[in-house]
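Peer 1: As input, take my_file_28.cif (mmCIF, C-alpha atoms):
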```cif
data_query
#
loop_
_atom_site.group_PDB
_atom_site.id
_atom_site.type_symbol
_atom_site.label_atom_id
_atom_site.label_comp_id
_atom_site.auth_asym_id
_atom_site.auth_seq_id
_atom_site.Cartn_x
_atom_site.Cartn_y
_atom_site.Cartn_z
ATOM 1 C CA MET A 101 -33.073 3.068 -39.133
ATOM 2 C CA ARG A 102 -33.739 6.807 -38.982
ATOM 3 C CA LYS A 103 -35.046 6.460 -35.398
ATOM 4 C CA SER A 104 -31.878 4.659 -34.355
ATOM 5 C CA LEU A 105 -29.778 7.302 -36.030
ATOM 6 C CA PHE A 106 -31.524 10.100 -34.141
ATOM 7 C CA PHE A 107 -31.187 8.136 -30.927
ATOM 8 C CA LEU A 108 -27.454 7.638 -31.402
ATOM 9 C CA VAL A 109 -26.832 11.246 -32.411
ATOM 10 C CA GLY A 110 -28.825 12.391 -29.404
ATOM 11 C CA LEU A 111 -26.876 10.077 -27.119
ATOM 12 C CA SER A 112 -23.565 11.347 -28.487
ATOM 13 C CA LEU A 113 -24.590 14.952 -28.006
ATOM 14 C CA LEU A 114 -25.736 14.173 -24.497
ATOM 15 C CA LEU A 115 -22.341 12.632 -23.780
ATOM 16 C CA LEU A 116 -20.635 15.731 -25.076
ATOM 17 C CA ILE A 117 -22.733 18.283 -23.284
ATOM 18 C CA SER A 118 -22.909 16.544 -19.947
ATOM 19 C CA LEU A 119 -19.227 16.975 -19.160
ATOM 20 C CA PRO A 120 -18.637 18.986 -15.974
ATOM 21 C CA ILE A 121 -15.012 19.634 -16.981
ATOM 22 C CA THR A 122 -13.705 20.223 -20.442
ATOM 23 C CA THR A 123 -10.072 20.647 -21.362
ATOM 24 C CA ALA A 124 -8.178 21.439 -24.505
ATOM 25 C CA ASP A 125 -4.457 21.503 -25.212
ATOM 26 C CA ALA A 126 -2.267 23.729 -27.337
ATOM 27 C CA VAL A 127 1.430 23.553 -28.149
ATOM 28 C CA LEU A 128 3.657 26.632 -27.919
ATOM 29 C CA GLU A 129 6.935 26.610 -29.760
ATOM 30 C CA PHE A 130 9.873 28.963 -30.249
ATOM 31 C CA THR A 131 13.485 28.727 -31.303
ATOM 32 C CA ILE A 132 16.427 30.301 -29.513
ATOM 33 C CA PRO A 133 19.203 30.860 -32.024
ATOM 34 C CA GLU A 134 22.890 30.295 -31.361
ATOM 35 C CA ARG A 135 24.601 33.473 -30.224
ATOM 36 C CA VAL A 136 28.355 33.713 -30.770
ATOM 37 C CA GLU A 137 29.346 37.361 -30.628
ATOM 38 C CA ILE A 138 32.479 39.348 -29.943
ATOM 39 C CA ALA A 139 32.975 43.073 -30.406
ATOM 40 C CA LEU A 140 35.667 45.634 -29.629
ATOM 41 C CA SER A 141 34.921 49.200 -28.638
ATOM 42 C CA THR A 142 37.676 50.478 -30.894
ATOM 43 C CA SER A 143 39.825 49.099 -33.661
ATOM 44 C CA VAL A 144 42.833 51.330 -33.048
ATOM 45 C CA VAL A 145 44.635 52.006 -29.768
ATOM 46 C CA ASP A 146 47.244 54.721 -29.564
ATOM 47 C CA LEU A 147 49.544 54.111 -26.615
ATOM 48 C CA GLY A 148 50.099 57.821 -26.407
ATOM 49 C CA ALA A 149 53.130 59.696 -25.168
ATOM 50 C CA PRO A 150 55.905 57.901 -23.289
ATOM 51 C CA CYS A 151 56.345 58.326 -19.588
ATOM 52 C CA GLY A 152 59.242 57.468 -17.264
ATOM 53 C CA ASN A 153 62.801 58.702 -17.162
ATOM 54 C CA ARG A 154 65.289 55.851 -17.412
ATOM 55 C CA GLN A 155 63.004 53.430 -19.136
ATOM 56 C CA LEU A 156 60.510 54.507 -21.742
ATOM 57 C CA SER A 157 57.043 53.319 -20.860
ATOM 58 C CA TYR A 158 53.673 53.706 -22.467
ATOM 59 C CA GLU A 159 50.410 52.974 -20.751
ATOM 60 C CA GLN A 160 46.873 53.195 -21.950
ATOM 61 C CA ILE A 161 44.335 52.487 -19.218
ATOM 62 C CA ASN A 162 40.988 51.074 -20.368
ATOM 63 C CA ALA A 163 42.171 51.153 -23.941
ATOM 64 C CA VAL A 164 39.594 48.790 -25.376
ATOM 65 C CA ARG A 165 36.383 47.172 -24.200
ATOM 66 C CA VAL A 166 35.741 43.609 -25.295
ATOM 67 C CA ASP A 167 32.117 42.456 -25.359
ATOM 68 C CA TYR A 168 31.526 38.774 -25.898
ATOM 69 C CA ARG A 169 28.691 36.343 -25.703
ATOM 70 C CA CYS A 170 28.284 32.654 -26.420
ATOM 71 C CA ASN A 171 25.159 30.721 -25.494
ATOM 72 C CA ILE A 172 26.399 27.420 -26.869
ATOM 73 C CA PRO A 173 26.916 25.026 -23.976
ATOM 74 C CA SER A 174 30.531 24.190 -24.821
ATOM 75 C CA GLU A 175 33.856 25.173 -23.283
ATOM 76 C CA TRP A 176 34.282 28.399 -25.204
ATOM 77 C CA GLU A 177 37.045 30.863 -24.470
ATOM 78 C CA VAL A 178 38.114 34.338 -25.473
ATOM 79 C CA ARG A 179 41.720 34.439 -26.610
ATOM 80 C CA ILE A 180 44.109 37.298 -27.101
ATOM 81 C CA SER A 181 47.036 37.052 -29.469
ATOM 82 C CA ALA A 182 49.313 39.475 -31.286
ATOM 83 C CA THR A 183 52.329 39.783 -33.521
ATOM 84 C CA ASP A 184 55.496 41.789 -32.916
ATOM 85 C CA PHE A 185 55.486 45.563 -33.237
ATOM 86 C CA SER A 186 56.940 46.567 -36.550
ATOM 87 C CA ASN A 187 58.174 49.699 -38.255
ATOM 88 C CA VAL A 188 59.298 48.947 -41.786
ATOM 89 C CA ASP A 189 62.125 46.471 -41.154
ATOM 90 C CA ARG A 190 62.438 46.978 -37.412
ATOM 91 C CA THR A 191 60.542 45.037 -34.799
ATOM 92 C CA ILE A 192 59.920 45.096 -31.089
ATOM 93 C CA PRO A 193 58.909 41.765 -29.556
ATOM 94 C CA ILE A 194 55.267 41.751 -28.593
ATOM 95 C CA THR A 195 56.209 40.162 -25.277
ATOM 96 C CA ARG A 196 57.296 43.626 -24.163
ATOM 97 C CA LEU A 197 53.655 44.609 -24.222
ATOM 98 C CA LYS A 198 51.702 43.848 -21.081
ATOM 99 C CA TRP A 199 47.966 43.705 -20.793
ATOM 100 C CA ARG A 200 45.463 43.473 -18.006
ATOM 101 C CA ALA A 201 41.749 42.875 -17.846
ATOM 102 C CA ASP A 202 39.741 45.282 -15.692
ATOM 103 C CA GLN A 203 41.679 45.838 -12.447
ATOM 104 C CA GLY A 204 43.700 42.623 -12.651
ATOM 105 C CA PRO A 205 47.493 42.418 -12.697
ATOM 106 C CA TYR A 206 49.463 43.093 -15.853
ATOM 107 C CA ARG A 207 50.499 40.008 -17.803
ATOM 108 C CA GLU A 208 52.955 39.640 -20.595
ATOM 109 C CA MET A 209 51.607 39.230 -24.060
ATOM 110 C CA PRO A 210 52.286 35.757 -25.378
ATOM 111 C CA PRO A 211 54.865 35.554 -28.139
ATOM 112 C CA SER A 212 53.737 35.878 -31.712
ATOM 113 C CA GLY A 213 51.885 32.721 -32.728
ATOM 114 C CA SER A 214 50.667 31.925 -29.193
ATOM 115 C CA TYR A 215 47.666 33.150 -27.313
ATOM 116 C CA ALA A 216 46.509 33.915 -23.789
ATOM 117 C CA VAL A 217 43.041 33.263 -22.469
ATOM 118 C CA LEU A 218 41.116 36.360 -21.513
ATOM 119 C CA ALA A 219 37.930 34.585 -20.381
ATOM 120 C CA ARG A 220 36.329 31.195 -20.569
ATOM 121 C CA LYS A 221 32.950 29.630 -19.953
ATOM 122 C CA ARG A 222 33.913 28.060 -16.669
ATOM 123 C CA ASP A 223 34.687 31.526 -15.269
ATOM 124 C CA TYR A 224 30.932 32.016 -15.174
ATOM 125 C CA ASN A 225 29.004 29.553 -13.080
ATOM 126 C CA LYS A 226 25.613 30.858 -14.036
ATOM 127 C CA GLY A 227 24.753 33.053 -16.933
ATOM 128 C CA SER A 228 27.599 31.906 -19.130
ATOM 129 C CA GLY A 229 25.420 32.604 -22.156
ATOM 130 C CA LEU A 230 24.943 36.251 -21.230
ATOM 131 C CA LYS A 231 26.882 39.119 -22.712
ATOM 132 C CA HIS A 232 30.060 39.793 -20.753
ATOM 133 C CA THR A 233 32.540 42.628 -20.903
ATOM 134 C CA LYS A 234 36.184 43.066 -20.043
ATOM 135 C CA THR A 235 38.123 46.286 -20.294
ATOM 136 C CA ILE A 236 41.713 45.918 -21.394
ATOM 137 C CA SER A 237 44.617 48.160 -20.482
ATOM 138 C CA TYR A 238 48.020 48.012 -22.165
ATOM 139 C CA ARG A 239 51.456 48.851 -20.952
ATOM 140 C CA LEU A 240 54.663 48.789 -22.973
ATOM 141 C CA ASP A 241 58.095 48.985 -21.347
ATOM 142 C CA LEU A 242 60.937 49.587 -23.758
ATOM 143 C CA SER A 243 64.519 48.638 -23.073
ATOM 144 C CA GLY A 244 65.792 51.939 -24.463
ATOM 145 C CA ASP A 245 67.796 50.752 -27.429
ATOM 146 C CA GLU A 246 64.861 50.714 -29.824
ATOM 147 C CA ARG A 247 65.135 52.898 -32.883
ATOM 148 C CA GLY A 248 62.779 55.783 -33.363
ATOM 149 C CA GLY A 249 59.640 55.475 -35.415
ATOM 150 C CA THR A 250 55.970 54.607 -35.287
ATOM 151 C CA TYR A 251 55.419 50.962 -34.461
ATOM 152 C CA THR A 252 52.234 49.045 -34.908
ATOM 153 C CA ALA A 253 51.109 45.574 -33.918
ATOM 154 C CA PRO A 254 47.815 43.862 -34.632
ATOM 155 C CA ILE A 255 46.165 42.416 -31.552
ATOM 156 C CA THR A 256 43.510 39.802 -32.166
ATOM 157 C CA TYR A 257 40.663 38.807 -29.866
ATOM 158 C CA THR A 258 39.072 35.500 -30.739
ATOM 159 C CA LEU A 259 35.968 33.869 -29.332
ATOM 160 C CA PHE A 260 36.848 30.226 -29.735
ATOM 161 C CA VAL A 261 34.050 27.674 -29.636
ATOM 162 C CA PRO A 262 35.272 24.065 -29.816
ATOM 163 C CA MET B 472 -28.880 -3.505 -41.128
ATOM 164 C CA GLY B 473 -27.115 -4.669 -37.955
ATOM 165 C CA ARG B 474 -23.776 -4.104 -39.614
ATOM 166 C CA SER B 475 -24.610 -0.558 -40.690
ATOM 167 C CA LYS B 476 -25.830 0.199 -37.165
ATOM 168 C CA GLY B 477 -22.544 -1.021 -35.750
ATOM 169 C CA LEU B 478 -20.681 1.098 -38.268
ATOM 170 C CA LEU B 479 -22.767 4.112 -37.332
ATOM 171 C CA VAL B 480 -22.062 3.611 -33.636
ATOM 172 C CA PHE B 481 -18.383 3.230 -34.401
ATOM 173 C CA TRP B 482 -18.279 6.484 -36.394
ATOM 174 C CA LEU B 483 -20.229 8.372 -33.779
ATOM 175 C CA MET B 484 -17.945 7.172 -31.024
ATOM 176 C CA LEU B 485 -14.957 8.109 -33.152
ATOM 177 C CA VAL B 486 -16.359 11.604 -33.570
ATOM 178 C CA VAL B 487 -16.922 11.876 -29.829
ATOM 179 C CA ILE B 488 -13.455 10.738 -28.830
ATOM 180 C CA THR B 489 -11.616 12.808 -31.427
ATOM 181 C CA ILE B 490 -13.198 16.086 -30.433
ATOM 182 C CA PRO B 491 -10.537 17.890 -28.342
ATOM 183 C CA VAL B 492 -12.545 17.692 -25.183
ATOM 184 C CA GLN B 493 -11.928 15.301 -22.370
ATOM 185 C CA ALA B 494 -14.311 14.257 -19.670
ATOM 186 C CA GLY B 495 -13.714 14.755 -15.999
ATOM 187 C CA THR B 496 -14.781 12.006 -13.715
ATOM 188 C CA THR B 497 -16.303 13.922 -10.862
ATOM 189 C CA ASP B 498 -19.256 16.119 -10.012
ATOM 190 C CA ASN B 499 -21.651 15.638 -12.791
ATOM 191 C CA TYR B 500 -24.162 18.389 -12.208
ATOM 192 C CA GLY B 501 -25.668 17.969 -15.562
ATOM 193 C CA THR B 502 -23.917 21.128 -16.713
ATOM 194 C CA SER B 503 -23.031 21.677 -20.276
ATOM 195 C CA GLY B 504 -20.604 23.367 -22.579
ATOM 196 C CA LEU B 505 -17.771 23.084 -25.000
ATOM 197 C CA LEU B 506 -14.283 24.489 -25.019
ATOM 198 C CA ILE B 507 -12.471 24.368 -28.308
ATOM 199 C CA ILE B 508 -9.024 25.759 -29.075
ATOM 200 C CA THR B 509 -9.113 26.902 -32.657
ATOM 201 C CA THR B 510 -5.344 27.468 -32.873
ATOM 202 C CA PRO B 511 -3.826 24.454 -31.179
ATOM 203 C CA TYR B 512 -0.303 25.124 -32.464
ATOM 204 C CA VAL B 513 1.276 28.457 -31.577
ATOM 205 C CA ARG B 514 4.627 29.612 -32.879
ATOM 206 C CA MET B 515 6.146 32.412 -30.835
ATOM 207 C CA GLY B 516 7.973 33.753 -33.874
ATOM 208 C CA GLU B 517 11.342 35.483 -33.948
ATOM 209 C CA PHE B 518 12.728 36.918 -30.752
ATOM 210 C CA LYS B 519 12.617 40.665 -30.336
ATOM 211 C CA THR B 520 14.867 43.181 -28.636
ATOM 212 C CA ASP B 521 13.434 45.859 -26.402
ATOM 213 C CA PRO B 522 14.236 49.239 -28.022
ATOM 214 C CA VAL B 523 14.611 50.899 -24.607
ATOM 215 C CA ASN B 524 16.641 48.119 -23.017
ATOM 216 C CA PRO B 525 18.564 46.248 -25.736
ATOM 217 C CA ALA B 526 19.663 43.654 -23.188
ATOM 218 C CA LEU B 527 16.050 42.506 -22.895
ATOM 219 C CA GLU B 528 15.184 39.915 -25.492
ATOM 220 C CA TYR B 529 11.794 38.336 -25.665
ATOM 221 C CA PHE B 530 9.307 36.407 -27.720
ATOM 222 C CA GLU B 531 5.813 37.708 -28.118
ATOM 223 C CA ALA B 532 2.841 36.155 -29.821
ATOM 224 C CA GLU B 533 -0.188 38.403 -29.748
ATOM 225 C CA GLU B 534 -3.667 36.927 -29.951
ATOM 226 C CA ALA B 535 -1.987 33.645 -30.697
ATOM 227 C CA LEU B 536 -4.175 31.164 -28.916
ATOM 228 C CA ASN B 537 -7.816 31.482 -29.774
ATOM 229 C CA PHE B 538 -10.517 29.506 -28.112
ATOM 230 C CA LEU B 539 -14.230 29.127 -28.375
ATOM 231 C CA ILE B 540 -16.576 28.645 -25.469
ATOM 232 C CA LEU B 541 -20.015 27.302 -26.024
ATOM 233 C CA THR B 542 -21.933 27.154 -22.792
ATOM 234 C CA TRP B 543 -25.397 27.404 -21.489
ATOM 235 C CA ASP B 544 -24.351 27.081 -17.912
ATOM 236 C CA SER B 545 -24.459 30.165 -15.749
ATOM 237 C CA LYS B 546 -21.369 29.621 -13.588
ATOM 238 C CA TRP B 547 -18.034 28.557 -14.941
ATOM 239 C CA GLN B 548 -14.306 29.288 -14.868
ATOM 240 C CA VAL B 549 -11.517 28.747 -17.347
ATOM 241 C CA PHE B 550 -8.081 27.801 -16.068
ATOM 242 C CA LEU B 551 -4.749 27.960 -17.836
ATOM 243 C CA SER B 552 -1.914 25.608 -16.958
ATOM 244 C CA GLY B 553 1.045 24.038 -18.690
ATOM 245 C CA VAL B 554 4.427 22.415 -18.505
ATOM 246 C CA ASP B 555 7.919 23.887 -18.701
ATOM 247 C CA PHE B 556 9.418 24.599 -22.120
ATOM 248 C CA VAL B 557 11.727 21.781 -23.122
ATOM 249 C CA SER B 558 14.394 21.402 -25.763
ATOM 250 C CA GLY B 559 16.259 18.135 -25.313
ATOM 251 C CA VAL B 560 17.764 18.328 -21.842
ATOM 252 C CA ASP B 561 17.338 22.101 -21.609
ATOM 253 C CA GLN B 562 14.357 23.643 -19.891
ATOM 254 C CA ILE B 563 12.881 27.091 -19.512
ATOM 255 C CA PRO B 564 10.455 27.476 -16.615
ATOM 256 C CA LEU B 565 6.890 28.142 -17.624
ATOM 257 C CA GLU B 566 6.606 30.935 -15.048
ATOM 258 C CA GLN B 567 9.078 32.942 -17.116
ATOM 259 C CA MET B 568 6.246 33.481 -19.577
ATOM 260 C CA GLU B 569 3.404 35.968 -19.261
ATOM 261 C CA TRP B 570 -0.107 35.789 -20.644
ATOM 262 C CA LYS B 571 -2.886 38.216 -21.310
ATOM 263 C CA LEU B 572 -6.444 37.815 -22.387
ATOM 264 C CA GLY B 573 -7.639 40.232 -25.026
ATOM 265 C CA GLY B 574 -6.471 43.765 -24.338
ATOM 266 C CA ASN B 575 -5.704 43.268 -20.649
ATOM 267 C CA ASN B 576 -2.270 43.554 -19.060
ATOM 268 C CA TYR B 577 0.243 40.743 -19.034
ATOM 269 C CA ARG B 578 0.301 38.463 -16.004
ATOM 270 C CA LYS B 579 2.813 35.868 -14.912
ATOM 271 C CA MET B 580 2.133 32.274 -15.840
ATOM 272 C CA PRO B 581 1.865 29.935 -12.881
ATOM 273 C CA ARG B 582 4.524 27.313 -12.261
ATOM 274 C CA ALA B 583 4.322 24.145 -14.316
ATOM 275 C CA GLY B 584 1.456 22.042 -13.055
ATOM 276 C CA LYS B 585 -0.297 24.955 -11.350
ATOM 277 C CA GLU B 586 -3.292 26.799 -12.740
ATOM 278 C CA ALA B 587 -4.332 30.390 -13.218
ATOM 279 C CA ILE B 588 -7.926 31.476 -13.617
ATOM 280 C CA ILE B 589 -8.077 33.404 -16.854
ATOM 281 C CA LEU B 590 -11.780 33.818 -17.365
ATOM 282 C CA THR B 591 -14.998 33.473 -15.372
ATOM 283 C CA HIS B 592 -18.678 33.824 -16.074
ATOM 284 C CA GLU B 593 -18.524 37.195 -14.264
ATOM 285 C CA GLN B 594 -16.132 38.568 -16.871
ATOM 286 C CA ALA B 595 -17.877 37.250 -19.916
ATOM 287 C CA SER B 596 -21.339 36.029 -20.607
ATOM 288 C CA GLY B 597 -23.120 34.670 -23.557
ATOM 289 C CA PHE B 598 -23.868 31.362 -25.132
ATOM 290 C CA LEU B 599 -21.022 31.594 -27.623
ATOM 291 C CA GLN B 600 -17.768 33.358 -26.857
ATOM 292 C CA TYR B 601 -14.510 33.740 -28.658
ATOM 293 C CA HIS B 602 -11.339 34.761 -26.811
ATOM 294 C CA SER B 603 -7.686 35.300 -27.643
ATOM 295 C CA LEU B 604 -4.649 34.757 -25.466
ATOM 296 C CA SER B 605 -1.358 36.545 -26.034
ATOM 297 C CA PHE B 606 1.970 35.371 -24.678
ATOM 298 C CA ARG B 607 5.269 37.034 -23.931
ATOM 299 C CA LEU B 608 8.411 35.253 -22.844
ATOM 300 C CA ALA B 609 11.335 37.377 -21.682
ATOM 301 C CA LEU B 610 14.652 35.582 -21.986
ATOM 302 C CA GLN B 611 17.289 35.748 -19.304
ATOM 303 C CA GLY B 612 19.930 35.578 -21.998
ATOM 304 C CA ASP B 613 21.778 32.449 -20.988
ATOM 305 C CA GLU B 614 19.258 29.956 -22.308
ATOM 306 C CA ALA B 615 20.786 27.262 -24.472
ATOM 307 C CA PRO B 616 19.944 27.492 -28.158
ATOM 308 C CA GLY B 617 17.355 25.106 -29.513
ATOM 309 C CA ARG B 618 13.731 24.616 -30.396
ATOM 310 C CA TYR B 619 11.597 24.719 -27.274
ATOM 311 C CA ASN B 620 8.019 23.692 -26.835
ATOM 312 C CA SER B 621 5.454 23.427 -24.104
ATOM 313 C CA THR B 622 1.926 22.161 -23.863
ATOM 314 C CA LEU B 623 -0.653 24.529 -22.415
ATOM 315 C CA THR B 624 -3.969 23.295 -21.159
ATOM 316 C CA LEU B 625 -7.188 25.223 -20.941
ATOM 317 C CA THR B 626 -9.658 23.750 -18.503
ATOM 318 C CA MET B 627 -13.257 24.838 -18.173
ATOM 319 C CA ILE B 628 -14.965 24.002 -14.939
ATOM 320 C CA TYR B 629 -18.643 24.408 -14.233
ATOM 321 C CA LEU B 630 -19.374 25.556 -10.701
#
```
If you took the structure in this file and wrote it as structure tokens, what would it be?

Peer 2:
Amino acid sequence: MRKSLFFLVGLSLLLLISLPITTADAVLEFTIPERVEIALSTSVVDLGAPCGNRQLSYEQINAVRVDYRCNIPSEWEVRISATDFSNVDRTIPITRLKWRADQGPYREMPPSGSYAVLARKRDYNKGSGLKHTKTISYRLDLSGDERGGTYTAPITYTLFVP
Amino acid sequence: MGRSKGLLVFWLMLVVITIPVQAGTTDNYGTSGLLIITTPYVRMGEFKTDPVNPALEYFEAEEALNFLILTWDSKWQVFLSGVDFVSGVDQIPLEQMEWKLGGNNYRKMPRAGKEAIILTHEQASGFLQYHSLSFRLALQGDEAPGRYNSTLTLTMIYL
């Protein structure tokens, strides 16, 4: 019995040690978290002093930088929305405000309660999950019959992920 | 007696086939050795951000994969290969990862299915050796979220 045991152990060891190639496997694992980020370079934009003679205009070039990132593979979009300018009980429709992204053309702000799309996933063929930036400029043309005062309007940037 | 012998053979064979070593089918020179990965499951941990370049995000696992070489053959090489990282339908190419042995510099992983020589008898000698592999995977930033994994294979060939 003991002889057989030694024989079998010896045979097994011989099998093991006579391999010209040995391989061993390992598993590597990591987790990439979801990244849904949006940030503004400033929370307050002062449109500054008016310019123009007949029509009062305000313009603030590169007023705010919007950084956004979404690595979720869905049709995400960055939306811009705002409410009317107000000064106590007086208002100026927000549609008078125009905005543009980078060097694009000025567009009217959507009316209060609506939104415009600043960027969306399909704008980026490759690298849609990377951080992207757009610089927003504002322009406000007044009709001239507005009453004096300091007007404010909240403008909201939303990274919408369906 | 016959039954216990059969049982013994069965157990011995079981031991042989469950040791993480597979046999090649060619070139039996009567060489000998063992290659054993002592850390067969490697977690790359949390991703890190480069302090100099915050846009660079990466995973790094230092001295994460440890392996033991037991050889009394004079000429041998150890190869590293693997498959792409997969998470569902999403993939990250293996060549995006880098490896280093011990305190050496990082080197690019080969493409999935290709091999890189990571160690030879000229670099290390001795009957019993213990080595550590570190890995670093720089992200491009647009990788889909999820849990990714890949299988790496260490192959020891006797020359």

Peer 1: If you count all atoms listed in the file, which residues fall within 6 Å of Arg618 of chain B, apart from same-chain ones fewer than 4 positions away, as a PyMOL selection string?

Peer 2: (chain A and resi 130-131) or (chain B and resi 558)

Peer 1: Suppose you want the space between atom CA of Leu230 of chain A and atom CA of Glu534 of chain B; what is it in Å?

Peer 2: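 Spanning atom CA of Leu230 of chain A to atom CA of Glu534 of chain B is a straight-line distance of 29.9 Å.
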
Peer 1: Residue by residue, what does the PyMOL selection byres ((chain A) within 6 of (chain B)) grab here? Present the result as a PyMOL selection string.

Peer 2: chain A and resi 117-134+171+227+229-230

Peer 1: Could you spell out the hits of the PyMOL selection byres ((chain A and resi 216-220) around 7) on the shown file, as a ChimeraX atom specification?

Peer 2: /A:176-181,210,215,221-223

Peer 1: Report the distance between atom CA of Leu590 of chain B and atom CA of Asp555 of chain B in Å, rounded to one decimal place.

Peer 2: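 A separation of 22.1 Å between them.
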
Peer 1: Could you tell me how far atom CA of Arg169 of chain A sits from atom CA of Glu137 of chain A, in Å to one decimal place?

Peer 2: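 Distance reported for this atom pair: 5.1 Å.
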
Peer 1: Fewer than 3 positions away in the same chain doesn't count, so skip those; otherwise give me all residues within 8 Å of Leu572 of chain B, counting only C-alpha atoms, as a VMD selection string.

Peer 2: chain B and resid 575 to 576 589 602 to 605

Peer 1: Produce segment 202-259 of chain A of the given structure as output with C-alpha atoms, as a PDB file, in the first residue's frame.

Peer 2:
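decode-v2.pdb written:
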```
ATOM      1  CA  ASP A 202     -19.124  80.536 -27.956  1.00  0.00           C
ATOM      2  CA  GLN A 203     -19.036  82.385 -31.298  1.00  0.00           C
ATOM      3  CA  GLY A 204     -22.475  81.249 -32.457  1.00  0.00           C
ATOM      4  CA  PRO A 205     -25.350  83.555 -33.377  1.00  0.00           C
ATOM      5  CA  TYR A 206     -27.495  85.184 -30.722  1.00  0.00           C
ATOM      6  CA  ARG A 207     -30.769  83.415 -29.981  1.00  0.00           C
ATOM      7  CA  GLU A 208     -33.754  84.588 -28.063  1.00  0.00           C
ATOM      8  CA  MET A 209     -34.260  83.221 -24.618  1.00  0.00           C
ATOM      9  CA  PRO A 210     -37.281  80.960 -24.484  1.00  0.00           C
ATOM     10  CA  PRO A 211     -40.246  82.338 -22.581  1.00  0.00           C
ATOM     11  CA  SER A 212     -40.512  81.666 -18.890  1.00  0.00           C
ATOM     12  CA  GLY A 213     -41.412  78.016 -18.348  1.00  0.00           C
ATOM     13  CA  SER A 214     -39.747  76.804 -21.568  1.00  0.00           C
ATOM     14  CA  TYR A 215     -36.184  75.881 -22.274  1.00  0.00           C
ATOM     15  CA  ALA A 216     -33.640  75.892 -25.078  1.00  0.00           C
ATOM     16  CA  VAL A 217     -31.054  73.213 -25.655  1.00  0.00           C
ATOM     17  CA  LEU A 218     -27.487  74.361 -25.254  1.00  0.00           C
ATOM     18  CA  ALA A 219     -25.838  71.003 -26.024  1.00  0.00           C
ATOM     19  CA  ARG A 220     -26.762  67.382 -26.377  1.00  0.00           C
ATOM     20  CA  LYS A 221     -25.035  64.032 -26.563  1.00  0.00           C
ATOM     21  CA  ARG A 222     -25.491  63.637 -30.279  1.00  0.00           C
ATOM     22  CA  ASP A 223     -23.493  66.841 -30.838  1.00  0.00           C
ATOM     23  CA  TYR A 224     -20.459  64.778 -29.897  1.00  0.00           C
ATOM     24  CA  ASN A 225     -19.784  61.766 -32.050  1.00  0.00           C
ATOM     25  CA  LYS A 226     -16.903  60.503 -29.996  1.00  0.00           C
ATOM     26  CA  GLY A 227     -16.011  61.459 -26.497  1.00  0.00           C
ATOM     27  CA  SER A 228     -19.529  62.324 -25.437  1.00  0.00           C
ATOM     28  CA  GLY A 229     -18.620  61.282 -21.905  1.00  0.00           C
ATOM     29  CA  LEU A 230     -15.780  63.786 -21.674  1.00  0.00           C
ATOM     30  CA  LYS A 231     -16.006  67.144 -19.985  1.00  0.00           C
ATOM     31  CA  HIS A 232     -17.200  69.822 -22.392  1.00  0.00           C
ATOM     32  CA  THR A 233     -17.360  73.575 -22.084  1.00  0.00           C
ATOM     33  CA  LYS A 234     -19.423  76.319 -23.641  1.00  0.00           C
ATOM     34  CA  THR A 235     -19.000  80.008 -23.006  1.00  0.00           C
ATOM     35  CA  ILE A 236     -22.200  82.004 -22.938  1.00  0.00           C
ATOM     36  CA  SER A 237     -22.640  85.639 -23.881  1.00  0.00           C
ATOM     37  CA  TYR A 238     -25.783  87.650 -23.166  1.00  0.00           C
ATOM     38  CA  ARG A 239     -27.331  90.581 -24.894  1.00  0.00           C
ATOM     39  CA  LEU A 240     -30.402  92.513 -23.794  1.00  0.00           C
ATOM     40  CA  ASP A 241     -32.183  94.976 -26.080  1.00  0.00           C
ATOM     41  CA  LEU A 242     -34.735  97.153 -24.350  1.00  0.00           C
ATOM     42  CA  SER A 243     -37.638  98.796 -26.101  1.00  0.00           C
ATOM     43  CA  GLY A 244     -37.093 102.055 -24.222  1.00  0.00           C
ATOM     44  CA  ASP A 245     -40.300 102.303 -22.254  1.00  0.00           C
ATOM     45  CA  GLU A 246     -39.059 100.243 -19.327  1.00  0.00           C
ATOM     46  CA  ARG A 247     -39.050 101.919 -15.952  1.00  0.00           C
ATOM     47  CA  GLY A 248     -35.808 102.552 -14.164  1.00  0.00           C
ATOM     48  CA  GLY A 249     -34.457 100.173 -11.580  1.00  0.00           C
ATOM     49  CA  THR A 250     -32.279  97.136 -11.055  1.00  0.00           C
ATOM     50  CA  TYR A 251     -33.751  94.057 -12.673  1.00  0.00           C
ATOM     51  CA  THR A 252     -32.750  90.511 -12.009  1.00  0.00           C
ATOM     52  CA  ALA A 253     -33.646  87.198 -13.596  1.00  0.00           C
ATOM     53  CA  PRO A 254     -32.539  83.723 -12.602  1.00  0.00           C
ATOM     54  CA  ILE A 255     -31.111  81.714 -15.469  1.00  0.00           C
ATOM     55  CA  THR A 256     -30.966  77.975 -14.963  1.00  0.00           C
ATOM     56  CA  TYR A 257     -28.683  75.490 -16.694  1.00  0.00           C
ATOM     57  CA  THR A 258     -29.809  71.903 -16.388  1.00  0.00           C
ATOM     58  CA  LEU A 259     -28.037  68.722 -17.396  1.00  0.00           C
TER      59      LEU A 259
END
```
